[in-house]
Amino acid sequence: MTSEHRAKRRPHGGLADKRRAILTGALTVFARDGFTRAGIDAIAAAAGVSTRTIYNHFTDKAELFQTVIKESAGRAADAQIAIVDRHLHKIIDLEADLVEFGRALTAPMATEHAEHFALVRQVNAEAGHIPQAAIDAWQEIGPRRVLRRLAEHLRQWTARGLLHTDDPERAAVQLMLLISAAGPPHHGPAPSRQEADELIASGVHVFLYGYRR
């Protein structure tokens, strides 16, 4: 490869690296400050780039936010769907298996996807000030996709006689709400592992009280 060809290729990697740095820095700032309070200067500092570089990649803060939440939601949803499939594809003890599923599902909220779920809490707190397109994109790429996969498993359990529900989609929403109560709260400290386990177990018990045959 000639030096001319290398020179032409170099900027593409550089641009991709800068875009990734911007998205990573923006996720940190949006998760910490929310959409309204987050400033482009703060995002630039977190990303280690200039504000001009950000505007070379994104039209405005709204476009940047939508891109951030879509990418972040996609990664979190991929991880959650993998957990859904891994834990729910074969049921031996319905209640015990659902409790184990709940523990596995809530763990990433406080660990590898903590920034994403912090961002979600910011979105819930200031939904009226966030562009609707960003909220719709986040919901479709993230929570709705996870709920559809969970509903598929509940539909299969209903067909096998393990559950009784005429609306697996609604049942999936209710199960997710009961389990996610053990995740990081909107305000205050996160529950201890023991407290989270107790919340998950009681949530599963309530769910099965309403849906088990």
# chains A, B, ... in the order shown; residues from 1 in each chain; ligands from 1
call {"tool": "residues_around", "arguments": {"residues": "Ala42 in chain A", "least_positions_apart": "3", "cutoff": "9 Å", "atoms": "only C-alpha atoms", "output": "number ranges by chain"}}
result
A: 25-26, 29, 38-39, 45-47
call {"tool": "residues_around", "arguments": {"residues": "Glu63 in chain A", "least_positions_apart": "3", "cutoff": "12 Å", "atoms": "only C-alpha atoms", "output": "list in words"}}
result
Leu23, Ala26, Phe35, Ile54, Tyr55, His57, Phe58, Thr59, Asp60, Gln66, Thr67, Val68, Ile69, Lys70, Ile130, Pro131, Gln132, Ala133, Ala134, Ile135 and Ala137 of chain A
call {"tool": "residues_around", "arguments": {"residues": "Leu175 in chain A", "least_positions_apart": "6", "cutoff": "8 Å", "atoms": "only C-alpha atoms", "output": "list in words"}}
result
Gly203, Val204 and Phe207 of chain A
call {"tool": "write_last_selection", "arguments": {"atoms": "N, CA and C atoms", "output": "CSV table (one decimal), in the first residue's frame"}}
result
chain,number,residue,atom,x,y,z
A,203,GLY,N,-42.0,-10.3,44.1
A,203,GLY,CA,-42.6,-9.9,42.8
A,203,GLY,C,-43.0,-11.1,42.0
A,204,VAL,N,-42.2,-12.1,41.9
A,204,VAL,CA,-42.5,-13.3,41.2
A,204,VAL,C,-43.7,-14.0,41.8
A,207,PHE,N,-46.8,-12.2,40.8
A,207,PHE,CA,-47.1,-12.5,39.3
A,207,PHE,C,-47.7,-13.9,39.2
call {"tool": "select_by_dssp", "arguments": {"residues": "chain A", "states": "helix (DSSP H, G or I)", "output": "ChimeraX atom specification"}}
result
/A:3-37,40-47,51-57,61-88,94-110,114-125,127-129,132-141,143-160,168-180,193-211
call {"tool": "residues_around", "arguments": {"residues": "range 79-83 of chain A", "least_positions_apart": "5", "cutoff": "7 Å", "atoms": "only C-alpha atoms", "output": "ChimeraX atom specification"}}
result
/A:104-105,146,149
call {"tool": "write_last_selection", "arguments": {"atoms": "C-alpha atoms", "output": "tab-separated table (two decimals), in the first residue's frame"}}
result
chain	number	residue	atom	x	y	z
A	104	ALA	CA	-29.88	-12.21	36.35
A	105	LEU	CA	-31.95	-9.49	34.68
A	146	VAL	CA	-37.27	-6.97	25.33
A	149	ARG	CA	-39.25	-11.54	23.52
call {"tool": "residues_around", "arguments": {"residues": "Phe101 in chain A", "least_positions_apart": "6", "cutoff": "9 Å", "atoms": "only C-alpha atoms", "output": "mmCIF file with N, CA and C atoms, in the first residue's frame"}}
result
data_model
loop_
_atom_site.group_PDB
_atom_site.id
_atom_site.type_symbol
_atom_site.label_atom_id
_atom_site.label_comp_id
_atom_site.auth_asym_id
_atom_site.auth_seq_id
_atom_site.Cartn_x
_atom_site.Cartn_y
_atom_site.Cartn_z
ATOM 1 N N ILE A 83 -30.407 -12.767 28.294
ATOM 2 C CA ILE A 83 -30.761 -13.301 29.610
ATOM 3 C C ILE A 83 -32.141 -13.957 29.566
ATOM 4 N N VAL A 84 -33.093 -13.314 28.908
ATOM 5 C CA VAL A 84 -34.436 -13.884 28.763
ATOM 6 C C VAL A 84 -34.356 -15.277 28.142
ATOM 7 N N ARG A 86 -31.738 -17.288 27.775
ATOM 8 C CA ARG A 86 -30.913 -18.241 28.506
ATOM 9 C C ARG A 86 -31.652 -18.829 29.706
ATOM 10 N N HIS A 87 -32.437 -18.005 30.386
ATOM 11 C CA HIS A 87 -33.074 -18.460 31.619
ATOM 12 C C HIS A 87 -34.480 -19.015 31.420
ATOM 13 N N LEU A 88 -35.139 -18.639 30.349
ATOM 14 C CA LEU A 88 -36.551 -19.002 30.221
ATOM 15 C C LEU A 88 -36.835 -20.009 29.117
#
